[in-house]
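Novice: Sharing protein.csv below, CSV, C-alpha atoms and all ligand atoms:
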chain,number,residue,atom,x,y,z
A,4,MET,CA,-39.6,-56.8,41.4
A,5,GLY,CA,-42.1,-53.9,41.7
A,6,LEU,CA,-43.3,-52.6,45.0
A,7,PHE,CA,-46.7,-54.3,44.6
A,8,ASN,CA,-45.2,-57.6,43.9
A,9,GLN,CA,-42.8,-57.3,46.8
A,10,PHE,CA,-45.7,-56.6,49.1
A,11,LYS,CA,-47.6,-59.5,47.6
A,12,LYS,CA,-44.7,-61.7,48.5
A,13,GLY,CA,-44.7,-60.3,52.1
A,14,LEU,CA,-48.4,-60.5,52.5
A,15,GLN,CA,-48.9,-64.0,51.1
A,16,LYS,CA,-50.0,-65.5,54.4
A,17,THR,CA,-52.1,-62.5,55.5
A,18,LYS,CA,-53.9,-62.4,52.2
A,19,GLN,CA,-54.7,-66.1,52.3
A,20,LEU,CA,-56.2,-65.7,55.7
A,21,LEU,CA,-58.2,-62.6,54.9
A,22,LYS,CA,-59.5,-63.8,51.6
A,23,THR,CA,-60.7,-67.2,52.8
A,24,ASP,CA,-62.2,-65.7,55.8
A,25,ILE,CA,-64.0,-62.8,54.2
A,26,ARG,CA,-65.2,-64.9,51.3
A,27,ASP,CA,-66.8,-67.2,53.8
A,28,LEU,CA,-69.1,-64.4,54.8
A,29,PHE,CA,-70.7,-64.0,51.5
A,30,LYS,CA,-73.0,-66.1,49.2
A,31,ALA,CA,-73.3,-65.5,45.5
A,32,GLU,CA,-76.4,-63.5,46.0
A,33,GLY,CA,-74.8,-61.2,48.5
A,34,ARG,CA,-75.2,-60.8,52.3
A,35,LEU,CA,-77.4,-58.7,54.4
A,36,VAL,CA,-75.6,-56.2,56.5
A,37,ASP,CA,-76.9,-56.7,60.0
A,38,ASP,CA,-75.4,-57.1,63.5
A,39,SER,CA,-74.4,-60.7,62.9
A,40,PHE,CA,-72.6,-59.7,59.7
A,41,CYS,CA,-70.8,-56.9,61.5
A,42,THR,CA,-69.7,-59.2,64.3
A,43,ALA,CA,-68.4,-61.8,61.8
A,44,LEU,CA,-66.5,-59.2,59.8
A,45,PHE,CA,-64.9,-57.8,63.0
A,46,GLU,CA,-63.8,-61.3,64.0
A,47,ARG,CA,-62.1,-61.8,60.7
A,48,LEU,CA,-60.4,-58.4,60.5
A,49,ILE,CA,-59.0,-58.8,64.1
A,50,LYS,CA,-57.2,-62.0,63.1
A,51,THR,CA,-54.8,-59.9,61.1
A,52,ASP,CA,-53.7,-58.1,64.3
A,53,MET,CA,-54.8,-54.8,63.0
A,54,SER,CA,-56.0,-53.9,66.6
A,55,VAL,CA,-59.4,-53.8,68.1
A,56,ASP,CA,-59.7,-50.1,67.5
A,57,ALA,CA,-59.0,-50.3,63.8
A,58,ALA,CA,-61.2,-53.3,63.2
A,59,GLN,CA,-64.0,-51.7,65.2
A,60,GLN,CA,-63.8,-48.4,63.3
A,61,ILE,CA,-63.9,-50.2,59.9
A,62,VAL,CA,-66.8,-52.4,60.9
A,63,ASP,CA,-68.8,-49.5,62.4
A,64,GLU,CA,-68.4,-47.4,59.3
A,65,ILE,CA,-69.3,-50.2,56.9
A,66,GLY,CA,-72.2,-51.2,59.2
A,67,GLN,CA,-73.6,-47.7,58.9
A,68,GLN,CA,-72.9,-47.2,55.2
A,69,PHE,CA,-74.6,-50.4,54.1
A,70,HIS,CA,-77.1,-50.7,56.9
A,71,ALA,CA,-79.9,-53.3,56.1
A,72,ARG,CA,-78.6,-53.6,52.6
A,73,VAL,CA,-77.6,-56.7,50.7
A,74,VAL,CA,-73.9,-56.3,49.7
A,75,HIS,CA,-71.5,-58.2,47.6
A,76,GLU,CA,-68.0,-59.2,48.6
A,77,SER,CA,-66.2,-56.8,46.2
A,78,GLU,CA,-68.1,-53.8,47.6
A,79,VAL,CA,-67.2,-54.5,51.1
A,80,ILE,CA,-63.5,-55.2,50.2
A,81,GLU,CA,-63.3,-51.9,48.4
A,82,GLU,CA,-64.6,-50.1,51.5
A,83,ILE,CA,-62.2,-52.0,53.8
A,84,LYS,CA,-59.3,-51.1,51.5
A,85,LYS,CA,-60.2,-47.5,51.3
A,86,ARG,CA,-60.3,-47.2,55.1
A,87,LEU,CA,-57.0,-49.1,55.6
A,88,LYS,CA,-55.3,-46.9,53.1
A,89,ALA,CA,-56.4,-43.8,55.0
A,90,MET,CA,-55.3,-45.4,58.3
A,91,LEU,CA,-51.9,-46.2,56.9
A,92,ALA,CA,-51.4,-42.8,55.2
A,93,GLN,CA,-48.1,-41.2,56.2
A,94,PRO,CA,-45.8,-38.6,54.6
A,95,ALA,CA,-43.6,-40.2,52.0
A,96,GLU,CA,-40.5,-40.5,54.1
A,97,PRO,CA,-37.6,-42.4,52.7
A,98,ILE,CA,-34.2,-41.9,54.3
A,99,ARG,CA,-33.3,-38.3,55.2
A,100,PHE,CA,-29.9,-37.9,53.7
A,101,ALA,CA,-27.4,-35.4,55.1
A,102,ALA,CA,-26.8,-32.3,53.0
A,103,SER,CA,-23.1,-33.0,52.9
A,104,GLY,CA,-20.8,-35.7,54.3
A,105,PRO,CA,-21.9,-39.2,55.2
A,106,THR,CA,-25.5,-39.9,56.2
A,107,VAL,CA,-25.3,-41.8,59.5
A,108,ILE,CA,-28.0,-44.5,60.1
A,109,MET,CA,-28.2,-46.3,63.4
A,110,VAL,CA,-30.2,-49.5,63.5
A,111,ALA,CA,-31.7,-50.8,66.8
A,112,GLY,CA,-34.2,-53.4,68.0
A,113,VAL,CA,-34.7,-56.4,70.2
A,114,ASN,CA,-32.8,-59.6,69.8
A,115,GLY,CA,-33.3,-61.4,66.6
A,116,CYS,CA,-35.8,-59.0,65.1
A,117,GLY,CA,-33.9,-58.7,61.8
A,118,LYS,CA,-31.5,-55.8,62.3
A,119,THR,CA,-28.4,-57.2,60.6
A,120,THR,CA,-30.3,-58.6,57.7
A,121,SER,CA,-32.2,-55.3,57.2
A,122,ILE,CA,-28.8,-53.5,57.1
A,123,ALA,CA,-27.6,-55.8,54.4
A,124,LYS,CA,-30.8,-55.1,52.5
A,125,LEU,CA,-30.5,-51.3,53.0
A,126,THR,CA,-26.8,-51.5,51.9
A,127,GLN,CA,-27.8,-53.2,48.7
A,128,MET,CA,-30.5,-50.7,48.0
A,129,PHE,CA,-28.2,-47.7,48.6
A,130,GLN,CA,-25.5,-49.2,46.5
A,131,ALA,CA,-28.0,-49.8,43.6
A,132,SER,CA,-28.5,-46.0,43.6
A,133,GLY,CA,-24.8,-45.4,43.4
A,134,LYS,CA,-24.0,-44.7,47.0
A,135,ARG,CA,-21.0,-45.9,48.8
A,136,VAL,CA,-21.7,-47.6,52.1
A,137,VAL,CA,-19.6,-48.2,55.2
A,138,LEU,CA,-20.9,-50.6,57.9
A,139,GLY,CA,-20.1,-50.4,61.6
A,140,ALA,CA,-20.4,-53.6,63.5
A,141,ALA,CA,-21.2,-52.1,66.9
A,142,ASP,CA,-22.7,-55.4,68.1
A,143,THR,CA,-19.6,-56.4,70.0
A,144,PHE,CA,-21.4,-58.8,72.4
A,145,ARG,CA,-21.3,-61.8,70.1
A,146,ALA,CA,-18.4,-62.7,67.8
A,147,ALA,CA,-21.0,-64.3,65.5
A,148,ALA,CA,-22.7,-61.0,65.1
A,149,VAL,CA,-19.5,-59.4,63.7
A,150,GLU,CA,-19.0,-62.4,61.5
A,151,GLN,CA,-22.5,-62.2,60.2
A,152,LEU,CA,-22.1,-58.5,59.2
A,153,THR,CA,-18.6,-59.2,57.8
A,154,ILE,CA,-20.0,-61.9,55.5
A,155,TRP,CA,-22.7,-59.5,54.2
A,156,SER,CA,-20.1,-56.8,53.7
A,157,LYS,CA,-18.0,-59.1,51.6
A,158,ARG,CA,-20.9,-60.3,49.6
A,159,LEU,CA,-22.1,-56.8,48.9
A,160,GLY,CA,-18.7,-55.2,48.5
A,161,ALA,CA,-19.2,-52.7,51.3
A,162,GLU,CA,-16.5,-51.4,53.7
A,163,ILE,CA,-16.8,-52.6,57.3
A,164,VAL,CA,-15.4,-51.4,60.7
A,165,THR,CA,-15.4,-54.0,63.5
A,166,GLY,CA,-14.2,-54.1,67.1
A,167,SER,CA,-12.9,-56.8,69.3
A,168,PRO,CA,-15.5,-58.8,71.3
A,169,GLY,CA,-16.6,-57.0,74.4
A,170,SER,CA,-15.2,-53.7,73.3
A,171,ASP,CA,-17.2,-50.4,73.5
A,172,PRO,CA,-19.8,-50.4,70.8
A,173,ALA,CA,-19.8,-46.6,70.8
A,174,ALA,CA,-16.1,-46.6,69.9
A,175,VAL,CA,-16.8,-48.9,67.0
A,176,ALA,CA,-19.6,-46.7,65.8
A,177,HIS,CA,-17.3,-43.7,66.1
A,178,ARG,CA,-14.6,-45.4,64.1
A,179,ALA,CA,-17.1,-46.4,61.4
A,180,VAL,CA,-18.2,-42.9,60.9
A,181,ALA,CA,-14.5,-41.7,60.8
A,182,LYS,CA,-13.9,-44.3,58.1
A,183,ALA,CA,-17.0,-43.1,56.1
A,184,ILE,CA,-15.6,-39.5,56.3
A,185,GLU,CA,-12.2,-40.6,55.3
A,186,LEU,CA,-13.5,-42.6,52.3
A,187,ASN,CA,-15.9,-39.9,51.4
A,188,ALA,CA,-18.7,-42.5,51.6
A,189,ASP,CA,-22.3,-41.5,51.3
A,190,VAL,CA,-23.8,-43.6,54.0
A,191,CYS,CA,-22.6,-45.2,57.3
A,192,ILE,CA,-24.9,-47.8,58.8
A,193,VAL,CA,-24.3,-48.8,62.4
A,194,ASP,CA,-25.5,-52.2,63.6
A,195,THR,CA,-26.2,-52.6,67.3
A,196,ALA,CA,-26.7,-55.6,69.5
A,197,GLY,CA,-30.2,-56.8,70.2
A,198,ARG,CA,-31.6,-55.8,73.5
A,199,LEU,CA,-34.8,-55.9,75.4
A,200,GLN,CA,-36.5,-52.6,75.9
A,201,THR,CA,-36.6,-53.5,79.7
A,202,GLN,CA,-32.8,-53.9,80.0
A,203,HIS,CA,-31.9,-50.5,81.4
A,204,THR,CA,-28.1,-50.6,81.1
A,205,LEU,CA,-28.2,-51.8,77.6
A,206,MET,CA,-30.7,-49.1,76.6
A,207,GLN,CA,-28.3,-46.5,78.2
A,208,GLN,CA,-25.6,-47.9,76.0
A,209,LEU,CA,-27.7,-47.2,73.0
A,210,THR,CA,-28.1,-43.6,74.2
A,211,LYS,CA,-24.4,-43.4,74.5
A,212,ILE,CA,-23.8,-44.6,70.9
A,213,HIS,CA,-26.4,-42.0,69.8
A,214,ARG,CA,-24.6,-39.2,71.7
A,215,VAL,CA,-21.1,-40.1,70.5
A,216,LEU,CA,-22.3,-40.0,66.9
A,217,GLY,CA,-24.0,-36.6,67.5
A,218,LYS,CA,-20.7,-35.2,68.7
A,219,GLN,CA,-18.9,-36.4,65.7
A,220,ILE,CA,-21.3,-35.0,63.1
A,221,PRO,CA,-23.8,-32.4,64.5
A,222,ASP,CA,-26.9,-33.9,62.9
A,223,ALA,CA,-25.9,-37.5,63.3
A,224,PRO,CA,-27.4,-40.0,63.5
A,225,HIS,CA,-29.6,-38.7,60.7
A,226,GLU,CA,-31.8,-41.7,61.0
A,227,VAL,CA,-32.4,-44.1,63.9
A,228,LEU,CA,-34.3,-47.0,62.5
A,229,LEU,CA,-36.1,-49.4,64.9
A,230,VAL,CA,-36.5,-52.8,63.5
A,231,LEU,CA,-39.7,-54.7,64.5
A,232,ASP,CA,-40.3,-58.3,63.9
A,233,ALA,CA,-43.8,-58.6,62.3
A,234,THR,CA,-44.2,-62.1,63.6
A,235,THR,CA,-44.3,-60.9,67.2
A,236,GLY,CA,-47.3,-58.8,66.4
A,237,GLN,CA,-48.4,-55.9,68.6
A,238,ASN,CA,-45.4,-56.4,71.0
A,239,GLY,CA,-43.7,-54.0,68.7
A,240,ILE,CA,-45.8,-51.2,70.0
A,241,SER,CA,-44.3,-51.3,73.5
A,242,GLN,CA,-40.8,-51.8,72.0
A,243,ALA,CA,-41.2,-48.7,69.9
A,244,LYS,CA,-42.2,-46.6,73.0
A,245,HIS,CA,-39.2,-47.7,75.0
A,246,PHE,CA,-36.6,-47.5,72.3
A,247,THR,CA,-37.8,-44.0,71.4
A,248,GLU,CA,-37.3,-43.0,75.0
A,249,ALA,CA,-33.7,-44.1,74.9
A,250,VAL,CA,-32.8,-42.9,71.4
A,251,HIS,CA,-35.0,-40.7,69.3
A,252,CYS,CA,-36.2,-43.2,66.6
A,253,THR,CA,-37.0,-41.7,63.2
A,254,GLY,CA,-38.7,-44.6,61.6
A,255,LEU,CA,-39.5,-48.3,61.6
A,256,ILE,CA,-38.5,-51.2,59.5
A,257,LEU,CA,-41.0,-54.0,59.8
A,258,ALA,CA,-39.1,-57.2,59.2
A,259,LYS,CA,-40.3,-60.7,58.5
A,260,LEU,CA,-43.7,-59.6,57.1
A,261,ASP,CA,-43.6,-62.8,54.9
A,262,GLY,CA,-43.5,-64.9,58.0
A,263,THR,CA,-46.9,-63.9,59.4
A,264,ALA,CA,-50.5,-64.0,58.5
A,265,LYS,CA,-50.9,-61.0,60.8
A,266,GLY,CA,-49.7,-58.4,58.3
A,267,GLY,CA,-52.5,-56.1,59.6
A,268,VAL,CA,-50.2,-55.3,62.5
A,269,VAL,CA,-48.8,-52.5,60.3
A,270,VAL,CA,-52.2,-50.8,60.9
A,271,ALA,CA,-52.0,-51.2,64.7
A,272,ILE,CA,-48.4,-49.9,64.6
A,273,ARG,CA,-49.3,-46.9,62.5
A,274,LYS,CA,-52.2,-46.0,64.7
A,275,GLN,CA,-50.4,-46.3,68.0
A,276,VAL,CA,-46.8,-45.4,67.3
A,277,GLY,CA,-46.0,-41.9,66.0
A,278,LEU,CA,-43.3,-43.2,63.7
A,279,PRO,CA,-43.4,-43.8,59.9
A,280,VAL,CA,-42.9,-47.3,58.6
A,281,LYS,CA,-40.1,-46.8,56.2
A,282,TYR,CA,-39.4,-50.3,54.9
A,283,VAL,CA,-40.8,-53.7,55.2
A,284,GLY,CA,-38.8,-57.0,55.0
A,285,VAL,CA,-40.4,-59.6,52.8
A,286,GLY,CA,-37.8,-62.4,52.9
A,287,GLU,CA,-34.3,-63.4,53.9
A,288,SER,CA,-32.3,-62.3,50.9
A,289,SER,CA,-30.7,-58.9,50.4
A,290,ASP,CA,-33.2,-57.8,47.8
A,291,ASP,CA,-36.2,-58.5,50.0
A,292,LEU,CA,-36.8,-55.0,51.3
A,293,ALA,CA,-39.6,-52.8,50.1
A,294,LEU,CA,-40.0,-49.1,50.6
A,295,PHE,CA,-43.3,-48.8,52.5
A,296,ASP,CA,-46.2,-47.3,50.5
A,297,PRO,CA,-49.7,-47.7,51.9
A,298,ASP,CA,-51.7,-47.9,48.6
A,299,PRO,CA,-49.9,-50.8,46.9
A,300,PHE,CA,-49.5,-52.4,50.3
A,301,VAL,CA,-53.2,-52.5,50.9
A,302,ASP,CA,-53.9,-53.6,47.3
A,303,ALA,CA,-51.5,-56.5,47.8
A,304,MET,CA,-53.2,-57.5,51.0
A,305,PHE,CA,-56.5,-58.2,49.1
A,306,ASP,CA,-55.1,-59.0,45.7
A,307,GLU,CA,-57.2,-61.5,43.7
A,308,ALA,CA,-54.6,-62.1,41.0
A,309,ASN,CA,-52.3,-65.1,40.8
A,310,GLY,CA,-49.7,-66.0,43.4
A,311,ASP,CA,-52.0,-67.0,46.2
A,312,GLU,CA,-52.4,-70.6,45.3
A,401,LIG,N1,-38.5,-64.5,56.4
A,401,LIG,C1,-37.7,-63.5,56.8
A,401,LIG,N2,-36.7,-63.7,57.6
A,401,LIG,C2,-36.0,-62.6,58.0
A,401,LIG,C3,-36.3,-61.3,57.6
A,401,LIG,N3,-35.4,-60.5,58.1
A,401,LIG,C4,-34.6,-61.2,58.9
A,401,LIG,N4,-34.9,-62.5,58.8
A,401,LIG,C5,-34.3,-63.7,59.5
A,401,LIG,O1,-34.4,-63.5,60.9
A,401,LIG,C6,-33.3,-64.0,61.5
A,401,LIG,C7,-32.6,-63.0,62.5
A,401,LIG,O2,-32.2,-61.9,61.6
A,401,LIG,P1,-30.9,-61.0,62.0
A,401,LIG,O3,-30.8,-60.0,61.0
A,401,LIG,O4,-29.8,-61.8,62.4
A,401,LIG,O5,-31.6,-60.3,63.3
A,401,LIG,P2,-30.8,-59.3,64.4
A,401,LIG,O6,-31.9,-58.4,64.8
A,401,LIG,O7,-29.6,-58.8,63.8
A,401,LIG,O8,-30.4,-60.3,65.6
A,401,LIG,P3,-29.5,-60.1,66.8
A,401,LIG,O9,-28.3,-59.3,66.3
A,401,LIG,O10,-29.1,-61.4,67.3
A,401,LIG,O11,-30.2,-59.3,67.8
A,401,LIG,C8,-32.3,-64.5,60.4
A,401,LIG,O12,-32.5,-65.9,60.3
A,401,LIG,C9,-32.8,-63.8,59.2
A,401,LIG,O13,-32.6,-64.4,58.0
A,401,LIG,C10,-37.4,-61.1,56.7
A,401,LIG,O14,-37.8,-60.0,56.3
A,401,LIG,N5,-38.1,-62.3,56.3
A,402,MG,MG,-27.7,-58.7,64.4
Turn this file's structure into structure tokens for me.
Specialist:
Amino acid sequence: MGLFNQFKKGLQKTKQLLKTDIRDLFKAEGRLVDDSFCTALFERLIKTDMSVDAAQQIVDEIGQQFHARVVHESEVIEEIKKRLKAMLAQPAEPIRFAASGPTVIMVAGVNGCGKTTSIAKLTQMFQASGKRVVLGAADTFRAAAVEQLTIWSKRLGAEIVTGSPGSDPAAVAHRAVAKAIELNADVCIVDTAGRLQTQHTLMQQLTKIHRVLGKQIPDAPHEVLLVLDATTGQNGISQAKHFTEAVHCTGLILAKLDGTAKGGVVVAIRKQVGLPVKYVGVGESSDDLALFDPDPFVDAMFDEANGDE
């Protein structure tokens, strides 16, 4: 599936909401751009959770550009798209691979946000490009967590390193990296237990895992990916701030985009969090991960073609 189609799948609900709502604003002969139009457009954009700031900026600019003119739906949509693309623009930043030795990727986030599933998806993506992956099950709090990653590792044919329940997650992470070095693997992905950004001790534990990995390989972890659950909307913004204080996050994975009509939250996140969105999750299976790219993403948000029935 191409990127555009993956985004389309992820933005199904968002698109339905946007399209119906925005279409309601127009009549066949067009619509006069006045204050009431601007207010109505603002109300519709804000529903996607793109943030007051972003919606206000778009509406102000469109209000000025088309002031007192009669406009058609397609003109307005083109202008909205152009502005969203500019707001989402970021350097093309896929994973930063180590120059030599295994690339170590640590994955963190609050409980249930989609970490383990995203790791399975990343593993499949790396394997498809010929890379050998070792997984580290450093979520030692729950036996079920280790089991879940073990099932994925078997399904995907990736090596896994686990620890006994309650054991030190940093030690598991360390052993996973040692295994990756021993096997000459390309990537080592470390899963961590879900934690709230307000749980101080657990956040310190994350710092410890980070520090231990850095002692093992000077540049490690090469990536610290924070997984945000798109269905929890702008909550992700405060999570990103706190997680970045504990471990220096290098990028975001926005999981469960398919589960929300508030796909505009990506805009709020990009505007308020200084981290690139690297991937978005668009479903529960291991191939439901798309490398984030603003242009096809925004196009998919407003796409008129099939698939929205
Ligand atoms: N629809 C959809 N569901 C997802 C996506 N990513 C994860 N999920 C589901 O979300 C639930 C939680 O996912 P996990 O990967 O277990 O989340 P986690 O962050 O590892 O959870 P903890 O380890 O308990 O903190 C599972 O039922 C997943 O199938 C996604 O992109 N789309
Ligand atoms: Mg998990």
Novice: Report as a tab-separated table the residues of chain A within 10 Å of ligand LIG 401 (chain A), each with its shortest atom pair and distance in Å (one decimal), using only C-alpha atoms and all ligand atoms, ordered by chain and increasing residue number.
Specialist:
residue	atom	partner	partner_atom	distance
A:Gly13	CA	A:LIG401	N5	8.1
A:Val110	CA	A:LIG401	O6	9.2
A:Ala111	CA	A:LIG401	O6	7.9
A:Gly112	CA	A:LIG401	O6	6.4
A:Val113	CA	A:LIG401	O11	5.9
A:Asn114	CA	A:LIG401	O11	3.3
A:Gly115	CA	A:LIG401	O8	3.3
A:Cys116	CA	A:LIG401	O6	4.0
A:Gly117	CA	A:LIG401	O5	3.2
A:Lys118	CA	A:LIG401	O6	3.6
A:Thr119	CA	A:LIG401	O3	3.7
A:Thr120	CA	A:LIG401	O3	3.6
A:Ser121	CA	A:LIG401	N3	6.2
A:Ile122	CA	A:LIG401	O3	7.8
A:Ala123	CA	A:LIG401	O3	8.5
A:Lys124	CA	A:LIG401	N3	9.0
A:Asp142	CA	A:LIG401	O9	7.1
A:Thr143	CA	A:LIG401	O9	9.9
A:Phe144	CA	A:LIG401	O9	9.2
A:Arg145	CA	A:LIG401	O10	8.3
A:Ala147	CA	A:LIG401	O10	8.8
A:Ala148	CA	A:LIG401	O9	6.0
A:Val149	CA	A:LIG401	O9	9.2
A:Gln151	CA	A:LIG401	O4	7.6
A:Leu152	CA	A:LIG401	O7	8.8
A:Asp194	CA	A:LIG401	O7	7.8
A:Thr195	CA	A:LIG401	O9	7.1
A:Ala196	CA	A:LIG401	O9	5.1
A:Gly197	CA	A:LIG401	O11	3.5
A:Arg198	CA	A:LIG401	O11	6.8
A:Leu199	CA	A:LIG401	O11	9.5
A:Leu229	CA	A:LIG401	O6	9.9
A:Val230	CA	A:LIG401	O6	7.4
A:Leu231	CA	A:LIG401	O6	8.6
A:Asp232	CA	A:LIG401	N3	7.9
A:Ala233	CA	A:LIG401	O14	8.6
A:Thr234	CA	A:LIG401	N1	9.5
A:Ile256	CA	A:LIG401	O14	9.4
A:Leu257	CA	A:LIG401	O14	7.6
A:Ala258	CA	A:LIG401	O14	4.2
A:Lys259	CA	A:LIG401	O14	3.4
A:Leu260	CA	A:LIG401	O14	6.0
A:Asp261	CA	A:LIG401	N1	5.6
A:Gly262	CA	A:LIG401	N1	5.3
A:Thr263	CA	A:LIG401	N1	8.9
A:Tyr282	CA	A:LIG401	O14	9.9
A:Val283	CA	A:LIG401	O14	7.1
A:Gly284	CA	A:LIG401	O14	3.4
A:Val285	CA	A:LIG401	O14	4.4
A:Gly286	CA	A:LIG401	N5	3.4
A:Glu287	CA	A:LIG401	N2	4.4
A:Ser288	CA	A:LIG401	O13	7.4
A:Ser289	CA	A:LIG401	N3	9.2
A:Asp290	CA	A:LIG401	O14	9.9
A:Asp291	CA	A:LIG401	O14	6.7
A:Leu292	CA	A:LIG401	O14	7.1
A:Ala293	CA	A:LIG401	O14	9.7
Novice: Could you write out the selected residues, including C-alpha atoms, as a PDB file, keeping the file's coordinate frame?
Specialist:
ATOM      1  CA  GLY A  13     -44.700 -60.300  52.100  1.00  0.00           C
ATOM      2  CA  VAL A 110     -30.200 -49.500  63.500  1.00  0.00           C
ATOM      3  CA  ALA A 111     -31.700 -50.800  66.800  1.00  0.00           C
ATOM      4  CA  GLY A 112     -34.200 -53.400  68.000  1.00  0.00           C
ATOM      5  CA  VAL A 113     -34.700 -56.400  70.200  1.00  0.00           C
ATOM      6  CA  ASN A 114     -32.800 -59.600  69.800  1.00  0.00           C
ATOM      7  CA  GLY A 115     -33.300 -61.400  66.600  1.00  0.00           C
ATOM      8  CA  CYS A 116     -35.800 -59.000  65.100  1.00  0.00           C
ATOM      9  CA  GLY A 117     -33.900 -58.700  61.800  1.00  0.00           C
ATOM     10  CA  LYS A 118     -31.500 -55.800  62.300  1.00  0.00           C
ATOM     11  CA  THR A 119     -28.400 -57.200  60.600  1.00  0.00           C
ATOM     12  CA  THR A 120     -30.300 -58.600  57.700  1.00  0.00           C
ATOM     13  CA  SER A 121     -32.200 -55.300  57.200  1.00  0.00           C
ATOM     14  CA  ILE A 122     -28.800 -53.500  57.100  1.00  0.00           C
ATOM     15  CA  ALA A 123     -27.600 -55.800  54.400  1.00  0.00           C
ATOM     16  CA  LYS A 124     -30.800 -55.100  52.500  1.00  0.00           C
ATOM     17  CA  ASP A 142     -22.700 -55.400  68.100  1.00  0.00           C
ATOM     18  CA  THR A 143     -19.600 -56.400  70.000  1.00  0.00           C
ATOM     19  CA  PHE A 144     -21.400 -58.800  72.400  1.00  0.00           C
ATOM     20  CA  ARG A 145     -21.300 -61.800  70.100  1.00  0.00           C
ATOM     21  CA  ALA A 147     -21.000 -64.300  65.500  1.00  0.00           C
ATOM     22  CA  ALA A 148     -22.700 -61.000  65.100  1.00  0.00           C
ATOM     23  CA  VAL A 149     -19.500 -59.400  63.700  1.00  0.00           C
ATOM     24  CA  GLN A 151     -22.500 -62.200  60.200  1.00  0.00           C
ATOM     25  CA  LEU A 152     -22.100 -58.500  59.200  1.00  0.00           C
ATOM     26  CA  ASP A 194     -25.500 -52.200  63.600  1.00  0.00           C
ATOM     27  CA  THR A 195     -26.200 -52.600  67.300  1.00  0.00           C
ATOM     28  CA  ALA A 196     -26.700 -55.600  69.500  1.00  0.00           C
ATOM     29  CA  GLY A 197     -30.200 -56.800  70.200  1.00  0.00           C
ATOM     30  CA  ARG A 198     -31.600 -55.800  73.500  1.00  0.00           C
ATOM     31  CA  LEU A 199     -34.800 -55.900  75.400  1.00  0.00           C
ATOM     32  CA  LEU A 229     -36.100 -49.400  64.900  1.00  0.00           C
ATOM     33  CA  VAL A 230     -36.500 -52.800  63.500  1.00  0.00           C
ATOM     34  CA  LEU A 231     -39.700 -54.700  64.500  1.00  0.00           C
ATOM     35  CA  ASP A 232     -40.300 -58.300  63.900  1.00  0.00           C
ATOM     36  CA  ALA A 233     -43.800 -58.600  62.300  1.00  0.00           C
ATOM     37  CA  THR A 234     -44.200 -62.100  63.600  1.00  0.00           C
ATOM     38  CA  ILE A 256     -38.500 -51.200  59.500  1.00  0.00           C
ATOM     39  CA  LEU A 257     -41.000 -54.000  59.800  1.00  0.00           C
ATOM     40  CA  ALA A 258     -39.100 -57.200  59.200  1.00  0.00           C
ATOM     41  CA  LYS A 259     -40.300 -60.700  58.500  1.00  0.00           C
ATOM     42  CA  LEU A 260     -43.700 -59.600  57.100  1.00  0.00           C
ATOM     43  CA  ASP A 261     -43.600 -62.800  54.900  1.00  0.00           C
ATOM     44  CA  GLY A 262     -43.500 -64.900  58.000  1.00  0.00           C
ATOM     45  CA  THR A 263     -46.900 -63.900  59.400  1.00  0.00           C
ATOM     46  CA  TYR A 282     -39.400 -50.300  54.900  1.00  0.00           C
ATOM     47  CA  VAL A 283     -40.800 -53.700  55.200  1.00  0.00           C
ATOM     48  CA  GLY A 284     -38.800 -57.000  55.000  1.00  0.00           C
ATOM     49  CA  VAL A 285     -40.400 -59.600  52.800  1.00  0.00           C
ATOM     50  CA  GLY A 286     -37.800 -62.400  52.900  1.00  0.00           C
ATOM     51  CA  GLU A 287     -34.300 -63.400  53.900  1.00  0.00           C
ATOM     52  CA  SER A 288     -32.300 -62.300  50.900  1.00  0.00           C
ATOM     53  CA  SER A 289     -30.700 -58.900  50.400  1.00  0.00           C
ATOM     54  CA  ASP A 290     -33.200 -57.800  47.800  1.00  0.00           C
ATOM     55  CA  ASP A 291     -36.200 -58.500  50.000  1.00  0.00           C
ATOM     56  CA  LEU A 292     -36.800 -55.000  51.300  1.00  0.00           C
ATOM     57  CA  ALA A 293     -39.600 -52.800  50.100  1.00  0.00           C
TER      58      ALA A 293
END
Novice: My list of candidates is A:Ala161, A:Leu28, A:Ala140, A:Ala303. Which is closest to ligand MG 402 (chain A) when distances are computed with only C-alpha atoms and all ligand atoms?
Specialist: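 Checking each candidate against ligand MG 402 (chain A), we get A:Ala140 as the closest.
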Novice: Which is closest to A:Gln275 among A:Gln59, A:Thr253, A:Asn238, A:Gln15, if we use only C-alpha atoms?
Specialist: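 Closest to A:Gln275 of all the choices is A:Asn238.
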Novice: Between A:Leu186, A:Ala179, A:Ile49, A:Ala249, which is the closest to A:Thr201 once you count all atoms listed in the file?
Specialist: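 Nearest candidate to A:Thr201 out of A:Leu186, A:Ala179, A:Ile49, A:Ala249: A:Ala249.
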Novice: Report the distance between atom CA of A:Asp63 and atom CA of A:Pro299 in Å, rounded to one decimal place.
Specialist: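 It comes out at 24.5 Å.
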Novice: Give me the residues within 12 Å of A:Arg214 as a PyMOL selection string, counting all atoms listed in the file and dropping any in the same chain fewer than 5 places off.
Specialist: chain A and resi 109+173-174+176-177+207-209+219-224+249-251
Novice: Would you mind telling me which residue in A:Asp306, A:Asp171, A:Glu78, A:Asp52 lies nearest to A:Ile240 when using only C-alpha atoms?
Specialist: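 With only C-alpha atoms as the atom set, the closest residue is A:Asp52.
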Novice: Name the closest residue to ligand MG 402 (chain A) among the candidates A:Ser167, A:Lys218, A:Val227, A:Thr153; distances are taken between atoms, counting all atoms listed in the file.
Specialist: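 Ranked by minimum distance to ligand MG 402 (chain A), first place goes to A:Thr153.
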Novice: Have a look at A:Gly66, A:Gly139, A:Gly217, A:Pro279 and name the one nearest to A:Asp296; count all atoms listed in the file.
Specialist: A:Pro279
